[in-house]
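For reference, target-v3.txt is printed below; it contains compact mmCIF, C-alpha atoms and all ligand atoms.
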```
# COMPACT_ATOMS: atom_id res chain seq x y z
CA MET A 1 15.56 -35.75 12.20
CA ILE A 2 16.75 -32.78 14.22
CA SER A 3 15.75 -31.29 17.57
CA PHE A 4 16.68 -28.18 19.53
CA GLU A 5 17.01 -27.19 23.19
CA LYS A 6 14.42 -24.81 24.52
CA ILE A 7 15.55 -21.16 24.69
CA ARG A 8 14.14 -18.34 26.85
CA GLY A 9 14.32 -15.39 24.52
CA LEU A 10 16.31 -13.31 22.08
CA ASN A 11 18.36 -10.29 22.94
CA GLY A 12 20.65 -8.10 20.88
CA GLU A 13 21.41 -6.60 17.51
CA ILE A 14 21.46 -8.67 14.34
CA THR A 15 21.62 -8.39 10.56
CA VAL A 16 19.89 -10.69 8.07
CA PRO A 17 20.99 -12.00 4.64
CA SER A 18 20.43 -9.73 1.66
CA ASP A 19 17.10 -9.56 -0.10
CA LYS A 20 16.29 -12.53 -2.33
CA SER A 21 13.78 -10.75 -4.62
CA MET A 22 16.15 -7.82 -5.14
CA THR A 23 19.18 -10.04 -5.74
CA HIS A 24 17.35 -11.99 -8.48
CA ARG A 25 16.45 -8.70 -10.16
CA ALA A 26 19.92 -7.17 -9.77
CA PHE A 27 21.45 -10.28 -11.38
CA ILE A 28 18.92 -10.13 -14.24
CA PHE A 29 19.15 -6.37 -14.87
CA GLY A 30 22.96 -6.56 -14.69
CA ALA A 31 22.83 -9.18 -17.45
CA MET A 32 20.45 -7.10 -19.57
CA ALA A 33 22.63 -3.97 -19.33
CA LYS A 34 25.65 -3.56 -21.58
CA GLY A 35 28.90 -3.09 -19.60
CA LYS A 36 29.93 -3.67 -16.01
CA THR A 37 27.38 -3.80 -13.18
CA VAL A 38 28.44 -4.22 -9.56
CA VAL A 39 25.88 -5.83 -7.25
CA LYS A 40 27.06 -5.11 -3.71
CA SER A 41 26.26 -7.63 -0.98
CA PRO A 42 23.91 -9.85 -3.00
CA LEU A 43 22.22 -12.87 -1.42
CA LEU A 44 24.13 -16.00 -2.38
CA SER A 45 21.63 -18.79 -1.79
CA ARG A 46 20.35 -21.76 -3.80
CA ASP A 47 17.62 -19.64 -5.47
CA THR A 48 19.73 -16.65 -6.51
CA ILE A 49 22.58 -18.87 -7.70
CA ALA A 50 20.05 -20.62 -9.98
CA THR A 51 19.28 -17.23 -11.59
CA LYS A 52 22.97 -16.40 -11.97
CA ASP A 53 23.78 -19.83 -13.48
CA ALA A 54 20.96 -19.46 -16.01
CA LEU A 55 22.43 -16.14 -17.17
CA VAL A 56 25.95 -17.57 -17.26
CA ALA A 57 24.48 -20.12 -19.72
CA CYS A 58 23.49 -17.11 -21.89
CA GLY A 59 27.12 -15.97 -22.03
CA VAL A 60 27.02 -13.35 -19.25
CA ASP A 61 30.09 -13.14 -17.02
CA TYR A 62 29.63 -13.16 -13.20
CA GLU A 63 32.57 -12.86 -10.84
CA LEU A 64 32.34 -12.80 -7.06
CA LYS A 65 34.83 -10.38 -5.52
CA ASP A 66 34.90 -9.67 -1.76
CA GLY A 67 31.21 -10.53 -1.43
CA ASP A 68 30.13 -8.37 -4.40
CA MET A 69 29.00 -9.74 -7.76
CA ILE A 70 30.68 -8.15 -10.76
CA ILE A 71 28.61 -8.67 -13.90
CA ASN A 72 30.04 -8.09 -17.37
CA SER A 73 27.56 -8.32 -20.19
CA LYS A 74 27.23 -7.39 -23.85
CA GLY A 75 23.55 -6.63 -23.16
CA TYR A 76 20.38 -8.61 -23.76
CA ASP A 77 20.61 -8.26 -27.55
CA SER A 78 23.77 -10.41 -27.40
CA PHE A 79 22.62 -13.29 -25.18
CA LEU A 80 23.77 -16.69 -26.44
CA GLU A 81 21.39 -19.61 -26.85
CA PRO A 82 22.07 -21.95 -23.87
CA ASP A 83 23.23 -25.35 -25.13
CA ASN A 84 21.60 -27.21 -22.26
CA VAL A 85 18.48 -27.26 -20.09
CA ILE A 86 18.31 -24.43 -17.54
CA ASN A 87 17.62 -25.71 -14.03
CA CYS A 88 15.69 -23.17 -11.95
CA GLU A 89 16.11 -25.48 -8.92
CA ASN A 90 13.56 -24.51 -6.21
CA SER A 91 13.01 -20.93 -7.33
CA GLY A 92 9.66 -19.72 -8.64
CA THR A 93 11.13 -16.25 -9.14
CA THR A 94 13.87 -17.65 -11.39
CA ALA A 95 11.43 -19.72 -13.47
CA ARG A 96 8.81 -16.99 -13.93
CA LEU A 97 11.09 -13.98 -14.45
CA LEU A 98 13.42 -15.81 -16.82
CA THR A 99 10.51 -17.08 -18.92
CA GLY A 100 9.62 -13.41 -19.47
CA LEU A 101 13.24 -12.45 -20.13
CA PHE A 102 13.83 -15.26 -22.62
CA ALA A 103 10.48 -15.26 -24.48
CA PRO A 104 11.34 -12.37 -26.89
CA GLN A 105 14.93 -13.58 -27.48
CA SER A 106 14.25 -15.48 -30.77
CA LYS A 107 16.18 -18.45 -29.45
CA TYR A 108 15.44 -21.86 -27.98
CA PHE A 109 15.40 -22.18 -24.18
CA PHE A 110 14.60 -25.34 -22.22
CA MET A 111 13.78 -24.86 -18.55
CA THR A 112 13.09 -27.15 -15.62
CA GLY A 113 13.26 -27.19 -11.82
CA ASP A 114 13.36 -29.45 -8.77
CA ASN A 115 10.53 -31.71 -7.52
CA SER A 116 8.76 -28.79 -5.85
CA LEU A 117 9.11 -26.25 -8.67
CA ARG A 118 7.88 -28.76 -11.29
CA LYS A 119 4.56 -28.82 -9.38
CA ARG A 120 4.15 -25.02 -9.39
CA PRO A 121 2.03 -23.33 -12.08
CA MET A 122 3.79 -21.80 -15.08
CA LYS A 123 0.59 -21.21 -17.09
CA ARG A 124 0.26 -17.89 -15.24
CA VAL A 125 3.30 -16.58 -17.18
CA ILE A 126 2.88 -18.67 -20.33
CA ASP A 127 -0.63 -17.27 -21.04
CA PRO A 128 0.15 -13.53 -20.89
CA LEU A 129 3.44 -13.97 -22.77
CA SER A 130 1.64 -16.03 -25.43
CA ASN A 131 -0.91 -13.21 -25.76
CA LEU A 132 2.05 -11.01 -26.69
CA GLY A 133 3.08 -13.53 -29.37
CA ALA A 134 5.53 -15.76 -27.46
CA VAL A 135 5.68 -19.44 -28.40
CA ILE A 136 6.11 -21.55 -25.26
CA HIS A 137 5.42 -25.26 -24.94
CA SER A 138 5.08 -26.76 -21.49
CA ARG A 139 4.14 -29.98 -19.78
CA ARG A 140 0.45 -29.06 -19.32
CA GLY A 141 1.26 -25.65 -17.81
CA PHE A 142 4.14 -26.92 -15.66
CA LEU A 143 7.90 -27.24 -16.05
CA PRO A 144 9.73 -28.47 -18.04
CA LEU A 145 8.99 -25.93 -20.73
CA MET A 146 10.48 -24.90 -24.03
CA ILE A 147 10.59 -21.37 -25.42
CA GLN A 148 10.84 -21.18 -29.19
CA PRO A 149 11.83 -18.26 -31.46
CA SER A 150 8.86 -15.96 -32.07
CA SER A 151 8.09 -12.42 -32.96
CA MET A 152 6.51 -10.72 -29.96
CA LYS A 153 4.24 -7.69 -30.20
CA GLY A 154 2.74 -5.16 -27.81
CA GLY A 155 -0.54 -5.53 -25.92
CA ILE A 156 -2.50 -5.04 -22.73
CA ILE A 157 -2.33 -7.71 -20.05
CA GLU A 158 -4.68 -7.77 -17.06
CA ALA A 159 -3.45 -9.61 -13.97
CA LYS A 160 -5.33 -12.87 -13.38
CA VAL A 161 -3.36 -13.77 -10.25
CA LYS A 162 -1.88 -11.54 -7.53
CA SER A 163 1.74 -12.17 -8.45
CA ALA A 164 4.81 -9.95 -8.69
CA GLN A 165 6.53 -12.74 -10.60
CA VAL A 166 3.92 -12.65 -13.40
CA LYS A 167 4.02 -8.84 -13.50
CA SER A 168 7.82 -8.93 -13.67
CA ALA A 169 7.83 -11.55 -16.44
CA VAL A 170 5.59 -9.32 -18.59
CA ILE A 171 7.73 -6.23 -17.86
CA LEU A 172 10.97 -8.09 -18.70
CA ALA A 173 9.48 -9.15 -22.03
CA GLY A 174 8.06 -5.65 -22.63
CA LEU A 175 11.50 -4.05 -22.21
CA GLN A 176 12.66 -5.98 -25.29
CA ILE A 177 9.60 -5.35 -27.50
CA ASP A 178 9.31 -2.33 -29.85
CA GLU A 179 5.56 -1.84 -29.28
CA PRO A 180 3.96 -0.73 -25.95
CA VAL A 181 3.17 -3.39 -23.36
CA THR A 182 0.74 -2.50 -20.56
CA TYR A 183 0.22 -4.53 -17.39
CA ILE A 184 -2.77 -3.85 -15.15
CA GLU A 185 -2.94 -5.15 -11.58
CA LYS A 186 -5.85 -4.58 -9.19
CA ASP A 187 -4.00 -5.61 -6.05
CA GLN A 188 -0.57 -4.07 -5.67
CA THR A 189 2.15 -6.74 -5.51
CA ARG A 190 5.79 -6.13 -4.57
CA ASP A 191 7.25 -3.53 -6.92
CA HIS A 192 11.01 -4.19 -6.84
CA THR A 193 11.09 -4.66 -10.62
CA GLU A 194 9.58 -1.23 -11.25
CA GLN A 195 11.64 0.52 -8.54
CA MET A 196 14.98 -1.15 -9.30
CA LEU A 197 14.67 -0.49 -13.05
CA LYS A 198 15.10 3.22 -12.19
CA TYR A 199 18.62 2.46 -10.92
CA PHE A 200 19.29 0.87 -14.34
CA GLY A 201 18.08 3.98 -16.19
CA VAL A 202 14.51 2.92 -17.02
CA ASN A 203 11.53 4.89 -15.69
CA LEU A 204 8.27 3.11 -16.44
CA ASP A 205 4.94 4.99 -16.50
CA ILE A 206 2.99 3.75 -13.49
CA ASN A 207 -0.45 4.99 -12.55
CA ASN A 208 -2.92 3.34 -10.18
CA GLY A 209 -1.85 -0.20 -10.94
CA VAL A 210 -1.36 0.44 -14.69
CA ILE A 211 2.25 -0.16 -15.68
CA GLU A 212 3.33 0.90 -19.15
CA VAL A 213 6.46 -0.27 -20.92
CA ASN A 214 6.22 2.09 -23.86
CA LYS A 215 9.00 0.87 -26.10
CA LYS A 216 12.15 -1.20 -26.24
CA TYR A 217 14.60 -0.02 -23.57
CA GLN A 218 18.33 -0.54 -23.12
CA LEU A 219 19.37 -0.79 -19.47
CA LYS A 220 22.36 1.15 -18.15
CA SER A 221 24.96 -0.76 -16.16
CA THR A 222 25.31 0.54 -12.62
CA GLU A 223 26.23 -0.20 -9.02
CA PHE A 224 23.44 -1.48 -6.78
CA THR A 225 23.60 -2.39 -3.08
CA VAL A 226 21.16 -5.04 -1.86
CA PRO A 227 19.77 -4.42 1.67
CA GLY A 228 18.72 -7.09 4.20
CA ASP A 229 15.68 -9.18 3.33
CA PHE A 230 12.52 -8.11 5.15
CA SER A 231 11.09 -11.63 4.78
CA SER A 232 14.15 -13.04 6.56
CA ALA A 233 13.97 -10.30 9.21
CA ALA A 234 10.36 -11.39 9.76
CA PHE A 235 11.57 -14.58 11.47
CA PHE A 236 13.37 -12.52 14.12
CA ILE A 237 10.42 -10.14 14.43
CA GLY A 238 8.17 -13.18 14.91
CA ALA A 239 10.60 -14.83 17.31
CA ALA A 240 10.77 -11.70 19.49
CA LEU A 241 6.99 -11.94 19.81
CA MET A 242 7.04 -15.67 20.58
CA PHE A 243 9.63 -15.58 23.37
CA GLU A 244 9.02 -13.49 26.47
CA ASN A 245 12.09 -11.48 27.56
CA SER A 246 12.98 -10.66 23.97
CA GLU A 247 14.37 -7.39 22.71
CA VAL A 248 15.87 -7.38 19.23
CA VAL A 249 17.19 -4.80 16.78
CA ILE A 250 17.49 -5.87 13.14
CA LYS A 251 19.84 -3.58 11.22
CA ASN A 252 19.89 -2.61 7.56
CA VAL A 253 16.62 -4.13 6.33
CA GLY A 254 14.93 -3.27 3.02
CA LEU A 255 11.71 -1.37 3.83
CA ASN A 256 9.99 -1.19 0.45
CA LYS A 257 6.39 -0.45 1.41
CA THR A 258 5.05 -3.25 -0.80
CA ARG A 259 6.87 -5.69 1.50
CA THR A 260 6.38 -4.42 5.06
CA GLY A 261 2.67 -5.03 5.65
CA LEU A 262 3.61 -7.37 8.50
CA LEU A 263 4.76 -4.36 10.55
CA LYS A 264 1.42 -2.63 10.07
CA ILE A 265 -0.51 -5.75 11.07
CA LEU A 266 1.62 -6.43 14.13
CA ASN A 267 1.41 -2.80 15.24
CA GLU A 268 -2.38 -3.00 15.00
CA MET A 269 -2.25 -6.20 17.08
CA GLY A 270 -0.35 -4.35 19.81
CA ALA A 271 3.29 -5.24 19.11
CA LYS A 272 5.99 -2.83 20.25
CA ILE A 273 7.90 -2.23 17.02
CA ASP A 274 9.91 0.85 16.03
CA VAL A 275 11.40 1.56 12.65
CA LEU A 276 14.30 3.91 12.04
CA VAL A 277 14.73 4.74 8.35
CA THR A 278 18.45 5.12 7.62
CA LYS A 279 18.17 5.61 3.85
CA GLU A 280 15.16 7.10 2.08
CA GLY A 281 14.53 6.47 -1.60
CA ASP A 282 12.89 4.11 -4.09
CA GLU A 283 14.13 1.17 -2.05
CA PRO A 284 14.30 2.54 1.52
CA ILE A 285 16.45 0.87 4.20
CA GLY A 286 16.29 0.97 8.00
CA ASP A 287 16.56 -0.68 11.41
CA ILE A 288 13.66 -2.49 13.09
CA SER A 289 13.41 -2.73 16.91
CA ILE A 290 11.02 -5.19 18.57
CA LYS A 291 10.21 -5.84 22.21
CA PHE A 292 8.18 -8.83 23.32
CA SER A 293 4.53 -7.84 23.57
CA SER A 294 1.39 -9.93 23.81
CA LEU A 295 -0.71 -9.69 20.67
CA ASN A 296 -4.40 -9.30 20.03
CA GLY A 297 -5.67 -11.51 17.22
CA GLY A 298 -7.77 -10.43 14.25
CA VAL A 299 -8.89 -11.20 10.72
CA ILE A 300 -6.45 -10.39 7.90
CA ARG A 301 -7.74 -10.32 4.35
CA GLY A 302 -8.00 -8.24 1.18
CA GLU A 303 -5.43 -6.05 -0.51
CA ILE A 304 -2.75 -6.43 2.18
CA ILE A 305 -2.37 -10.16 1.41
CA PRO A 306 0.14 -9.88 -1.52
CA ASN A 307 2.20 -7.54 0.68
CA ILE A 308 2.58 -10.15 3.44
CA ILE A 309 2.35 -13.29 1.35
CA ASP A 310 5.65 -14.88 2.48
CA GLU A 311 5.07 -13.90 6.14
CA ILE A 312 1.59 -15.43 6.48
CA PRO A 313 2.70 -18.85 7.78
CA LEU A 314 4.69 -17.02 10.48
CA LEU A 315 1.58 -15.02 11.41
CA GLY A 316 -0.15 -18.38 11.79
CA ALA A 317 2.49 -19.46 14.32
CA LEU A 318 2.02 -16.17 16.21
CA GLY A 319 -1.67 -17.07 16.49
CA LEU A 320 -0.66 -19.65 19.13
CA PHE A 321 0.47 -16.87 21.46
CA ALA A 322 -2.16 -14.19 20.73
CA LYS A 323 -5.03 -13.35 23.08
CA SER A 324 -7.67 -14.13 20.44
CA PRO A 325 -7.62 -16.11 17.14
CA ILE A 326 -5.68 -14.97 14.07
CA GLU A 327 -7.60 -15.65 10.87
CA ILE A 328 -6.18 -15.31 7.34
CA ARG A 329 -8.37 -15.10 4.20
CA ASP A 330 -7.86 -14.35 0.47
CA ALA A 331 -4.48 -16.12 0.58
CA GLU A 332 -5.16 -18.98 -1.85
CA GLU A 333 -1.77 -18.16 -3.50
CA LEU A 334 -0.14 -19.87 -0.50
CA ARG A 335 -1.25 -23.18 -1.94
CA VAL A 336 1.19 -22.88 -4.89
CA LYS A 337 4.40 -21.89 -3.08
CA GLU A 338 7.38 -24.20 -2.35
CA SER A 339 4.81 -26.31 -0.49
CA ASP A 340 1.09 -25.87 0.01
CA ARG A 341 1.76 -23.43 2.83
CA ILE A 342 -1.82 -23.50 4.14
CA LYS A 343 -1.61 -27.27 4.56
CA SER A 344 1.96 -27.12 5.89
CA ILE A 345 1.35 -24.55 8.63
CA VAL A 346 -1.98 -26.08 9.67
CA TYR A 347 -0.27 -29.48 9.95
CA ASN A 348 2.57 -28.19 12.15
CA LEU A 349 0.40 -26.08 14.42
CA ARG A 350 -1.75 -29.17 15.04
CA VAL A 351 1.40 -31.17 15.88
CA VAL A 352 2.17 -28.77 18.74
CA GLY A 353 -1.42 -29.04 19.95
CA ALA A 354 -3.21 -26.01 18.51
CA GLU A 355 -6.80 -25.82 17.39
CA VAL A 356 -6.69 -24.70 13.75
CA GLU A 357 -9.35 -24.42 11.05
CA GLU A 358 -8.28 -24.77 7.42
CA TYR A 359 -10.03 -22.90 4.61
CA GLU A 360 -9.44 -23.02 0.86
CA ASP A 361 -8.01 -19.47 1.06
CA GLY A 362 -6.50 -19.41 4.55
CA PHE A 363 -6.77 -20.65 8.13
CA LYS A 364 -7.75 -19.66 11.66
CA VAL A 365 -5.46 -20.36 14.61
CA TYR A 366 -6.87 -20.34 18.16
CA PRO A 367 -4.69 -19.36 21.14
CA MET A 368 -2.75 -22.34 22.51
CA LYS A 369 -4.43 -24.11 25.43
CA LYS A 370 -2.30 -27.19 26.05
CA VAL A 371 0.99 -28.07 24.36
CA ASN A 372 1.32 -31.68 23.18
CA ASP A 373 3.99 -33.81 24.89
CA LYS A 374 5.92 -34.58 21.72
CA GLY A 375 5.66 -34.87 17.95
CA VAL A 376 7.47 -34.43 14.65
CA LEU A 377 7.18 -31.12 12.77
CA LYS A 378 7.42 -31.47 8.99
CA SER A 379 9.13 -28.90 6.78
CA PHE A 380 7.70 -30.15 3.45
CA ASP A 381 11.01 -29.14 1.77
CA ASP A 382 9.96 -25.51 2.24
CA HIS A 383 12.50 -23.05 3.67
CA ARG A 384 9.97 -20.75 5.32
CA ILE A 385 8.14 -23.65 6.98
CA ALA A 386 11.49 -25.09 8.14
CA MET A 387 12.44 -21.79 9.85
CA ILE A 388 9.06 -21.57 11.60
CA ASN A 389 9.56 -25.16 12.79
CA ILE A 390 12.96 -24.23 14.22
CA LEU A 391 11.34 -21.39 16.19
CA LEU A 392 8.52 -23.65 17.42
CA SER A 393 11.00 -26.33 18.40
CA LYS A 394 13.13 -23.83 20.36
CA ARG A 395 10.04 -22.31 21.94
CA PHE A 396 8.56 -25.57 23.27
CA GLY A 397 11.66 -27.81 23.49
CA ASN A 398 9.84 -31.10 22.92
CA PHE A 399 9.32 -31.37 19.16
CA ASP A 400 11.60 -32.93 16.54
CA ILE A 401 11.78 -31.63 12.95
CA ASP A 402 12.02 -34.02 10.00
CA SER A 403 14.46 -31.86 8.01
CA ILE A 404 15.67 -28.26 7.77
CA GLU A 405 17.92 -28.59 4.71
CA SER A 406 15.66 -26.32 2.63
CA ILE A 407 16.74 -23.17 4.52
CA ASP A 408 19.64 -22.75 2.07
CA VAL A 409 17.05 -21.43 -0.41
CA SER A 410 16.86 -18.02 1.30
CA PHE A 411 18.65 -18.04 4.68
CA PRO A 412 21.56 -20.49 4.69
CA ASP A 413 23.00 -19.35 8.08
CA PHE A 414 19.70 -18.94 9.94
CA LEU A 415 20.77 -21.13 12.89
CA GLU A 416 24.12 -19.37 13.31
CA ARG A 417 22.52 -15.91 13.29
CA LEU A 418 19.77 -16.99 15.68
CA LYS A 419 22.43 -18.34 18.05
CA GLN A 420 24.08 -14.89 18.20
CA ILE A 421 21.06 -13.44 20.01
CA GLU A 422 19.60 -16.43 21.88
CA ILE A 423 19.24 -16.38 25.69
CA SER A 424 19.38 -19.99 26.86
O1 LIG A 501 8.71 -11.50 -7.23
C1 LIG A 501 9.26 -12.03 -6.26
O2 LIG A 501 10.49 -11.89 -6.01
C2 LIG A 501 8.44 -12.86 -5.36
C3 LIG A 501 7.07 -12.76 -5.44
C4 LIG A 501 6.15 -13.55 -4.61
O3 LIG A 501 5.64 -14.60 -5.39
P1 LIG A 501 4.35 -14.42 -6.37
O4 LIG A 501 4.69 -13.49 -7.44
O5 LIG A 501 4.09 -15.80 -6.89
O6 LIG A 501 3.26 -13.95 -5.47
C5 LIG A 501 6.84 -14.14 -3.40
O7 LIG A 501 6.02 -15.11 -2.78
C6 LIG A 501 8.18 -14.74 -3.72
O8 LIG A 501 8.81 -15.16 -2.53
C7 LIG A 501 9.10 -13.74 -4.39
C1 LIG A 502 7.70 -18.20 -2.61
C2 LIG A 502 9.00 -17.99 -2.47
O1 LIG A 502 9.93 -17.94 -3.48
P1 LIG A 502 9.83 -18.41 -5.00
O2 LIG A 502 8.42 -18.20 -5.47
O3 LIG A 502 10.84 -17.59 -5.72
O4 LIG A 502 10.20 -19.88 -5.02
C3 LIG A 502 9.56 -17.68 -1.12
O5 LIG A 502 10.76 -17.36 -1.05
O6 LIG A 502 8.85 -17.77 -0.10
```
Would you give me this structure, written as structure tokens?
Amino acid sequence: MISFEKIRGLNGEITVPSDKSMTHRAFIFGAMAKGKTVVKSPLLSRDTIATKDALVACGVDYELKDGDMIINSKGYDSFLEPDNVINCENSGTTARLLTGLFAPQSKYFFMTGDNSLRKRPMKRVIDPLSNLGAVIHSRRGFLPLMIQPSSMKGGIIEAKVKSAQVKSAVILAGLQIDEPVTYIEKDQTRDHTEQMLKYFGVNLDINNGVIEVNKKYQLKSTEFTVPGDFSSAAFFIGAALMFENSEVVIKNVGLNKTRTGLLKILNEMGAKIDVLVTKEGDEPIGDISIKFSSLNGGVIRGEIIPNIIDEIPLLGALGLFAKSPIEIRDAEELRVKESDRIKSIVYNLRVVGAEVEEYEDGFKVYPMKKVNDKGVLKSFDDHRIAMINILLSKRFGNFDIDSIESIDVSFPDFLERLKQIEIS
């Protein structure tokens, strides 16, 4: 059990850890490319280390030097067959992307994960990869799974779920297959795989949600710098809007437009947010400034949902402080994250005293009327829920949290960085 003193606000300039999604991909692409790749300022957290360790098991060399990851690889045609089970730990991105990477390898791979990951669906990647000829056995669509040698062929895959991980798994397989592989998604999901492949010398044909991997590609080794993680920055953006007297600048954040929907939503709700782009390009970077502002509520649904998927629980917490309810719909994907994030956020907002309605695909949070005297917030072993609980605990001062250990998945030094800008 842990509790925090109440704070009054946040003030100052801060940076956030490097992007988790981009670090996973940089580690994977660096392993696929022949030669030496330098990944500058990667995120070193439980999730990204799981990806690196899996690739070390395939014979790829990773060396950390002054905070940069130096990858030496003979290329994906020379991966070794791991002689043990690969543990993807807590990381859905590791499990889904590596299933796509390994499926065409004509080797045996055994994969598992921690208690949370073993409950998360893998059928969503097994089915499309099997349609391309992969042979994958799983425990009823969940980890553990086994990939068996097969001969994969081209094909057209239509997205059944709004998931960048599924899209990326199909692309990673497609890059190793001689025949064309096409992936069609109706709702745009984060496109780091497509954008970052350009840095590794691969330009995919992309048109209106149709992504074509036309042939087998070899990746070129390169140098890639990972910017700050927008989803981690979101906690400071949210905090600045939860604590009056706040004024925060978050430096060097990745601003890929398939990730920053939260800014658009908050702007529409009346938040004072400015963005200064410091580097244009396929993966733009910039500084985000936020001043405390009171928000109007609203209904959020439709195609923006995949863009804000990891920030939705935080939006729920902001609903407590808005002038009218915040309602989220079309977000059923939240139910299969590290925890059932609809259940988790609804539970915690009720602990602090909020009126909340739960729906199969979302929730509705009413503005806070009366704060409960005390209670225990639960993190459900979910890093993003744990960080929201820390903010709620510091905002109200009278709630304990059962555990915050899970934050090492994406933001190991969250408390230390928050402390740098706290006004007590
Ligand atoms: O591709 C990625 O790096 C991710 C995609 C999203 O998951 P889904 O693909 O399951 O939506 C997101 O929630 C996760 O944090 C990271
Ligand atoms: C859902 C998340 O990650 P993953 O799916 O990689 O476990 C997340 O970081 O919020």
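Nearest to ligand LIG 502 (chain A) of all the residues A:Leu117, A:Leu318, A:Ala240, A:Ile290 is A:Leu117, counting only C-alpha atoms and all ligand atoms.
Pocket residues of ligand LIG 502 (chain A), taken as those with any atom at most 6 Å away using all atoms listed in the file, are Asn90, Ser91, Gly92, Thr93, Asp310, Lys337 and Glu338 of chain A.
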Note to self: Within 10 Å of ligand LIG 501 (chain A) (counting only C-alpha atoms and all ligand atoms), which residues show up? I'd like them as a PyMOL selection string.
What the structure shows: chain A and resi 19-25+91-94+96-97+120-121+124+161-169+189-193+231+259+305-311+333-334+336-338+384+410
Notebook entry, point to check: If we count only C-alpha atoms, what is near Ile388 of chain A at a cut-off of 9 Å, once residues fewer than 5 positions away on the same chain are taken out, given as an NGL selection string?
Noted result: :A and (235 or 239 or 313-314 or 317 or 345 or 379 or 383 or 393)
File of the preceding selection, C-alpha atoms, as a PDB file, in the frame of the given file:
```
ATOM      1  CA  PHE A 235      11.570 -14.580  11.470  1.00  0.00           C
ATOM      2  CA  ALA A 239      10.600 -14.830  17.310  1.00  0.00           C
ATOM      3  CA  PRO A 313       2.700 -18.850   7.780  1.00  0.00           C
ATOM      4  CA  LEU A 314       4.690 -17.020  10.480  1.00  0.00           C
ATOM      5  CA  ALA A 317       2.490 -19.460  14.320  1.00  0.00           C
ATOM      6  CA  ILE A 345       1.350 -24.550   8.630  1.00  0.00           C
ATOM      7  CA  SER A 379       9.130 -28.900   6.780  1.00  0.00           C
ATOM      8  CA  HIS A 383      12.500 -23.050   3.670  1.00  0.00           C
ATOM      9  CA  SER A 393      11.000 -26.330  18.400  1.00  0.00           C
TER      10      SER A 393
END
```
Margin query: Let me make sure I understand: among A:Ser3, A:Asp61, A:Asp66, A:Thr48, which one has the smallest atom-to-atom distance to Lys374 of chain A if we use all atoms listed in the file?
Written below: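 So, comparing all the options, the nearest one is A:Ser3.
Counting only C-alpha atoms and comparing A:Ala173, A:Met269, A:Met32, A:Met111, the residue that lies closest to Pro128 of chain A is A:Ala173.
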Item checked: Shell of 8 Å around Leu175 of chain A, only C-alpha atoms, local chain residues under 6 positions omitted, as a list in words ->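 That gives Val213, Lys215, Lys216, Tyr217 and Gln218 of chain A.
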Restricted to C-alpha atoms, what would the selected residues look like written as a PDB file, keeping the file's coordinate frame?
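Written file, again-v5.pdb:
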```
ATOM      1  CA  VAL A 213       6.460  -0.270 -20.920  1.00  0.00           C
ATOM      2  CA  LYS A 215       9.000   0.870 -26.100  1.00  0.00           C
ATOM      3  CA  LYS A 216      12.150  -1.200 -26.240  1.00  0.00           C
ATOM      4  CA  TYR A 217      14.600  -0.020 -23.570  1.00  0.00           C
ATOM      5  CA  GLN A 218      18.330  -0.540 -23.120  1.00  0.00           C
TER       6      GLN A 218
END
```
Next item on the list: Record the distance separating atom CA of Val376 of chain A and atom CA of Ser232 of chain A, expressed in Å with one decimal.
Entry: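 Atom CA of Val376 of chain A sits 23.8 Å away from atom CA of Ser232 of chain A.
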